[in-house]
Structures are given as C-alpha cells and as structure tokens.
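Colleague: Take a look at the following structure, please.
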Amino acid sequence: MNLTVKVQKKLGTFYLDADFAIQGDRFGVFGPSGGGKSTLVSLIAGLRYPDRGFISLDGETLFDSSRKLHIPPEHRRIGMVFQRPHLFPHLNVRNNLLYGYKRCDPRYRNVTLDKLVNVMQIGHLLDRGVRYLSGGERQRVAIGRAILSNPRLLLMDEPLSAVDDSLKFQIISYLKDTCAIFEIPYLFISHALVEMRVMTNQVITVVDGRVTGQVTAEGLARDRMKGTIGYMNLLRLTNPRRINGLSVYRWGGQELFVSSDSSLPETLFELSSTDIILFKRHPEAISARNLFEVTVTSVFDTGVRLGVELKCGSEVLIAEISKEAANELEIKEGAQIYAAVKAVAFKSLG
Amino acid sequence: MPVFSHSDYLAILLSVRVAVVATLLSLPFGFAVAYLMTYKRFRGRVALDVIVNLPLTLPPVVIGYLLLLLLGQSGWIGKWVLQPMGIKLIFTWKAAVIATSVVGFPLMVRSIRTGMETIDERLVQASRTLGAGWFDTIMNVILPLSVRGLIAGSILMFARGLGEFGATIIVAGNIPGVTQTIPLAIYEYVSSPRGDVMAMALCLVSITISVVVLIFHEWLSRRMTRAD
C-alpha cells in the first residue's frame with residue numbers, strides 16, 4: 001500500500017486537515033475519540049467528499065479537487081469493516097459474503113468463498129440468516145465479506161469496539177491472520193493501544209483533526225509511558241501444560257508460570273511494566289513463580305521513572321522502576337540482573 | 001335481501017379495479033419520491049415535499065377541479081399532450097385512476113419513507129464499498145429493505161382509493177357502468193327516493209372489502225415478522 005492523503009474537510013465546528021504519505025501493509029491510525037479518525041477513513045473510502053485536496057492509492061488518483069476528480073467508492077476497491085457488522089438483514093450469510101465478490105472484476109478475484117471459509121472457519125454458518133448469529137460471528141462474517149470483495153486496501157474503523165472483551169483478541173487474530181494469508185494491506189483505526197500494537201507495525205497519530213506524527217506501534221506504547229498509563233508487555237503464549245493449578249508455557253527458551261485456567265492453544269497475555277521486580281543478584285528464594293536472568297539492553301527516561309528494556313533469552317520485556325531503585329541496582333546497558341514476575345501478574349486478553 | 005343490479009356489480013368491480021391500478025401505478029413513483037426525500041439533499045426538496053403532501057390537506061374536490069383544468073380539452077396537458085396523441089381521459093375510468101392516484105400518493109410516499117428512514121445508512125455505505133453503484137444499491141439493499149413500507153403504503157393507498165369520491169366525481173363523472181364506483185353509486189342511491197336499502201347494501205360491501213384488506217395487511221405483517 002502506498003497512500004498519499006492531503007485533504008481538508010469542515011464538518012460543523014470540526015475541521016480536519018490531514019497531510020501524510022504512508023508506505024506499508026499494516027498501518028494504524030491512532031488517536032482519541034472525536035479526533036477525526038472516522039472522518040479521515042470515510043474520505044479515503046470515498047463515502048464523503050473532502051472540501052479540498054488530493055488522495056492517491058498505489059499511484060492511482062482517487063480524489064483531486066483541482067481536477068474535480070472523485071472516484072466513487074464502488075470503483076476504489078477499498079474494503080471497509082465498520083464498528084458494527086452492518087450485515088444485510090435480508091440476505092443469509094453466504095449471500096452477505098458474496099455481495100462484494102460478485103461485484104468484483106474477475107481479474108481481481110484472488111480470494112474465493114471456499115478459501116475464505118476455510119481460513120475463517122465459518123462454513124457451518126453459510127446458510128444461516130444473519131439474525132441467528134452471535135455478536136462475534138457477525139463481526140467475523142462482516143470481515144469475511146470485506147475481504148471477499150478482494151480489495152487492494154482494507155479500512156477497519158474500530159472493528160472491535162462493539163465486540164465483547166472476551167472475543168476481541170480472538171477476532172483480532174482472525175483479522176490479522178486472514179489479511180496476512182490473502183496479502184491484503186490494511187489501515188486499522190483504533191483508540192486502543194493494545195489493539196494497535198497487536199495489529200500494526202506503523203502508526204499515524206491523529207489529534208484534533210490533524211495528523212501529528214508517524215511512529216512505530218512499539219514506539220507509541222513507550223512514548224505513552226510518560227503519562228500515567230505505564231507500559232503493557234504483550235505475550236502471545238502457546239500450548240500450555242498444567243502443573244499444580246498453573247499454566248506453564250514455553251517462552252523465550254524458558255518456562256513461564258501463569259495463573260490462568262485458559263485451555264486455549266494460543267492466548268495473549270498482558271503484563272504491566274510495573275509488575276516486574278528487578279534484583280541485582282540472584283535472590284535465593286522468592287514467592288514469585290518466575291525468575292529470569294536478563295540483560296539490560298536500554299534504559300530510557302519516562303519522566304518520573306525509568307523504563308528498562310530487558311532481554312530474556314530471545315524475548316524482550318519492558319520494566320519500569322524509580323530512579324532511586326535504578327541507582328541502587330546500578331542499572332546500565334549491558335548489566336546482567338534478575339527479573340521476577342508473579343504468576344498472577346499476567347492478565348489474559350483472550 | 002336487496003338484489004344488486006348489473007351496474008351495481010360493475011361499480012363494485014370498477015372500485016376495486018381503479019384502486020388496484022392506481023396503487024400499482026403509484027408504486028414506482030412513490031418509491032422514487034420517497035428515495036429522493038430520504039437520501040438526497042437537493043434544491044427544491046421542500047417544494048417537492050409540499051407538492052407531494054398537498055393532496056392530504058386540500059379538499060379532494062379542489063384536486064379534482066385542478067386535474068380537470070389540467071387534463072381537460074383546454075388544459076395544458078389536455079391540449080398539448082393528450083389531444084395530439086388522441087387520448088381522451090376526462091370522464092373515463094382512467095381519469096378516476098389518476099384522481100385516486102393523486103389523492104392517495106402522499107399516503108404511499110409517507111409509508112415508504114417511514115420504512116426507508118429506518119434503514120441504517122451504514123448498510124448503504126457498506127454496499128457502496130463492496131462495489132455496488134448507487135442504482136445497484138437501491139435495487140439490492142434499499143428496495144428489499146423497504147418492502148414493509150411498500151406493502152403498508154400500497155394497502156393504505158388501496159383502501160383510500162376505494163373511498164375516493166370528491167376528485168373522481170369531477171374528473172370522471174358518475175356514469176353508471178362506466179365511471180361509477182361504489183361511493184358514487186351510494187351517493188346516487190342516497191339522493192334518489194327509496195334508495196336507502198341499496199345504499200346500505202353497498203356500504204356493507206365497502207365495509208367488507210376494507211375489513212378484508214386490513215385483515216390481509218395484518219396477516220402479511222405478522223408473517224413477515226415471523227420470517228425475520
């Protein structure tokens with residue numbers, strides 16, 4: 001995806017003035033609610049007209065006010081997943097899925113119904129009316145419908161905001177895997193940092209109608225440590241064993257004890273940077289179930305505290321400690337220290 | 001037990017025929033106008049709204065008279081369009097259809113609009129981003145989701161059409177066997193001596209048809225709710 005946007009749009013008292021160019025397949029648009037993210041997306045999709053400006057995608061101009069050019073949405077080949085599924089209530093699942101496919105030029109029909117059904121595991125839903133689907137199933141069908149229209153870019157406008165928390169990360173992994181398998185570039189819009197980090201590599205930030213920057217999702221998360229938010233380490237753990245009521249995962253070449261009753265083959269956990277305790281030397285016995293020998297790879301200032309990047313085997317964790325503690329521990333790049341994490345500190349995201 | 005004359009039977013049939021034809025004729029126009037009013041912002045929208053709804057507030061006799069002026073031999077349409085084409089409308093059952101259509105049209109548009117306004121705008125947007133043009137979207141999303149409104153509007157208009165009197169008597173006259181509908185026949189019986197019984201009998205016919213139509217509507221809506 002190679003997207004250039006330079007548009008202005010006035011909506012009542014709100015003014016959107018966006019100017020950016022992005023290149024990459026997994027981009028995010030991040031910013032607080034009401035900042036203009038959805039407006040921006042509807043301009044790219046062609047559902048609204050900018051007042052002035054220029055939009056081009058992969059070398060093709062989609063909108064240019066100076067030439068009075070506006071390609072209508074149906075000719076842009078830009079798919080869209082909305083906050084809610086918005087399935088056609090008069091069609092069953094199969095016909096909802098095929099709605100875009102039937103209207104797609106046969107030249108571009110790379111994803112077919114069979115392939116999609118296989119990847120998304122929705123074969124058993126095909127002949128159902130959409131009213132008989134659960135919330136999560138509906139959103140899956142909506143995602144499938146957009147993908148089956150074989151778009152060259154998929155816009156996802158907070159596609160998880162209306163989904164139960166317990167299902168969010170299941171759907172995220174569907175979304176991510178399906179787009180990866182079919183090689184569909186996407187622009188993922190959200191105000192939730194965790195979703196952003198799981199779904200995207202690069203992020204543009206939109207605040208008060210303006211694009212304020214372009215950073216990596218990871219950089220965004222570290223940047224936000226300066227506020228009161230802290231940092232959440234995200235760990236995707238697979239194939240647990242059960243030992244004494246704890247789940248034991250392989251992680252970075254070592255074993256990780258997690259207090260969770262999840263029996264799913266793959267679970268996403270978050271671990272707060274403030275829940276990691278650092279030791280200068282090996283503590284002989286502690287109550288925390290996880291103790292790793294780690295190497296400090298970088299130290300950065302978060303305002304009041306310090307962020308410490310730790311390398312644990314092949315994995316990376318971010319811990320956050322006070323400056324006094326850092327002095328006492330003699331933390332510096334390359335230092336070998338120990339990190340302890342209680343098994344209950346991991347929070348399952350689903 | 002009153003016995004209906006041949007022209008009474010013709011009046012009953014004609015009433016039904018005029019109401020059915022007027023309803024079917026108005027359906028596509030009603031849908032188009034409802035679509036414009038619901039989805040489009042254009043200059044003259046308020047004027048269109050007023051014109052479409054005017055028959056609701058005007059006395060039907062006024063509408064009939066305006067139609068007569070318009071479609072009659074010296075009227076704009078009558079003189080410049082109908083006469084050169086050799087079409088004569090006034091005092092035929094077709095004029096009754098036109099009068100019924102004009103009077104019932106706002107009811108139909110209102111019903112369709114009420115249904116259309118409940119269609120989520122996002123469905124229309126989803127359809128567009130999935131590659132459907134505006135006409136494709138109208139036919140495959142808006143039309144099927146407006147079916148309830150179309151049915152409700154048709155039934156309302158049909159029922160209103162059965163009772164049309166004022167506009168019809170002016171443009172179509174009251175010619176037994178040709179343009180006389182149930183209300184016109186009742187009017188004639190009432191104004192003639194000893195016509196009370198026949199007038200009452202035709203009233204019963206009118207009531208029966210209305211009740212059947214309303215029951216049919218109720219049955220249809222229940223069926224559609226169940227299908228949902």
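Each chain in the structure tokens gets a letter, A, B and so on, in the order shown; residues start at 1 in every chain, and ligands are counted from 1 in the order they appear.
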Counting only C-alpha atoms, collect the residues of chain A whose closest atom lies at most 10 Å from chain B, and write them out as JSON, numbers by chain.
Modeller: {"A": [42, 45, 46, 47, 72, 73, 74, 75, 76, 77, 78, 79, 80, 81, 82, 84, 85, 86, 87, 88, 89, 90, 91, 98, 99, 100, 101, 102, 103, 104, 105, 129, 130, 131, 132, 142, 145, 146, 147, 148, 149, 150, 151]}
Colleague: Would you kindly return, as a compact mmCIF listing (two decimals) with C-alpha atoms, in the first residue's frame, each protein, DNA or RNA residue with an atom no farther than 12 Å from any atom of range 4-8 of chain B, considering only C-alpha atoms and excluding same-chain residues fewer than 6 positions away?
Modeller:
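Output saved as around.txt:
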# COMPACT_ATOMS: atom_id res chain seq x y z
CA LEU B 14 -64.66 -0.75 -11.03
CA SER B 15 -63.91 0.43 -7.49
CA ASN B 174 -70.78 9.50 -12.28
CA ILE B 175 -71.71 7.40 -15.29
CA PRO B 176 -73.24 4.03 -14.24
CA GLY B 177 -71.31 1.12 -15.75
CA VAL B 178 -68.52 3.38 -16.98
CA THR B 179 -67.06 5.55 -14.23
CA GLN B 180 -69.37 4.87 -11.32
CA THR B 181 -67.52 3.45 -8.31
CA ILE B 182 -69.06 2.27 -5.01
CA PRO B 183 -69.02 5.70 -3.31
CA LEU B 184 -70.56 7.32 -6.39
CA ALA B 185 -73.23 4.64 -6.58
CA ILE B 186 -74.02 5.11 -2.89
CA GLU B 188 -76.74 8.24 -6.29
CA TYR B 189 -78.88 5.83 -4.24
CA GLY B 195 -82.59 4.14 -2.41
CA VAL B 197 -81.65 -0.04 1.32
CA MET B 198 -79.39 -0.31 -1.72
CA ALA B 199 -77.12 2.42 -0.32
CA MET B 200 -76.82 0.44 2.91
CA ALA B 201 -76.11 -2.76 0.96
CA LEU B 202 -73.28 -1.07 -0.94
CA CYS B 203 -71.98 0.37 2.33
CA VAL B 205 -69.85 -4.25 0.54
Colleague: Kindly give the distance, in Å, that separates CA of Gly153 in chain B and CA of Ile119 in chain B, rounded to a single decimal.
Modeller: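 We find that CA of Gly153 in chain B and CA of Ile119 in chain B lie 16.5 Å from each other.
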Colleague: For Leu167 in chain A, list every protein, DNA or RNA residue within 7 Å, evaluated using only C-alpha atoms, and leave out those in the same chain fewer than 4 positions away; present the list as a ChimeraX atom specification.
Modeller: /A:136,163,171,350
Colleague: Taking 3 positions as the minimum chain separation for residues in the same chain, which residues sit within 12 Å of Leu116 in chain A when counting only C-alpha atoms? Answer as number ranges by chain.
Modeller: A: 94, 97-98, 101, 109-113, 119-123, 126, 140-141, 143-150, 174-175, 177-179, 181-182
Colleague: For Thr100 in chain B, list every protein, DNA or RNA residue within 12 Å, evaluated using only C-alpha atoms, and leave out those in the same chain fewer than 5 positions away; present the list as a PyMOL selection string.
Modeller: chain B and resi 15-26+55+60-61+63-64+67+93-95+105-108+157-172+181
Colleague: Would you put the residues from that selection into a file with C-alpha atoms, as a tab-separated table (two decimals), in the first residue's frame?
Modeller:
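The resulting file, result_37.tsv, is shown below:
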chain	number	residue	atom	x	y	z
B	15	SER	CA	-63.91	0.43	-7.49
B	16	VAL	CA	-61.55	-2.46	-6.98
B	17	ARG	CA	-60.02	-2.03	-10.43
B	18	VAL	CA	-59.44	1.72	-10.03
B	19	ALA	CA	-57.89	1.27	-6.58
B	20	VAL	CA	-55.63	-1.58	-7.74
B	21	VAL	CA	-54.45	0.16	-10.92
B	22	ALA	CA	-53.88	3.47	-9.11
B	23	THR	CA	-51.87	1.70	-6.41
B	24	LEU	CA	-49.71	-0.29	-8.83
B	25	LEU	CA	-49.16	2.79	-10.97
B	26	SER	CA	-48.10	4.86	-7.97
B	55	PRO	CA	-53.43	16.45	-1.62
B	60	PRO	CA	-60.45	16.30	-2.92
B	61	VAL	CA	-62.92	18.41	-4.89
B	63	ILE	CA	-57.82	18.40	-6.61
B	64	GLY	CA	-60.47	17.11	-8.99
B	67	LEU	CA	-56.99	17.99	-12.61
B	93	TRP	CA	-62.32	5.25	-15.74
B	94	LYS	CA	-58.68	6.25	-16.41
B	95	ALA	CA	-59.46	9.71	-15.07
B	105	PHE	CA	-49.98	9.37	-3.37
B	106	PRO	CA	-48.90	11.25	-0.20
B	107	LEU	CA	-50.10	8.35	1.96
B	108	MET	CA	-48.00	5.95	-0.06
B	157	MET	CA	-53.50	3.73	-0.75
B	158	PHE	CA	-55.75	0.92	-1.94
B	159	ALA	CA	-58.09	1.47	0.99
B	160	ARG	CA	-58.09	5.23	0.41
B	161	GLY	CA	-58.69	4.60	-3.29
B	162	LEU	CA	-61.81	2.54	-2.60
B	163	GLY	CA	-63.35	5.52	-0.86
B	164	GLU	CA	-62.27	8.20	-3.33
B	165	PHE	CA	-65.21	10.42	-4.13
B	166	GLY	CA	-64.63	14.17	-4.49
B	167	ALA	CA	-61.87	14.23	-7.07
B	168	THR	CA	-63.31	11.29	-9.02
B	169	ILE	CA	-66.78	12.71	-9.48
B	170	ILE	CA	-65.31	15.86	-11.01
B	171	VAL	CA	-62.85	14.32	-13.48
B	172	ALA	CA	-64.62	11.04	-14.22
B	181	THR	CA	-67.52	3.45	-8.31
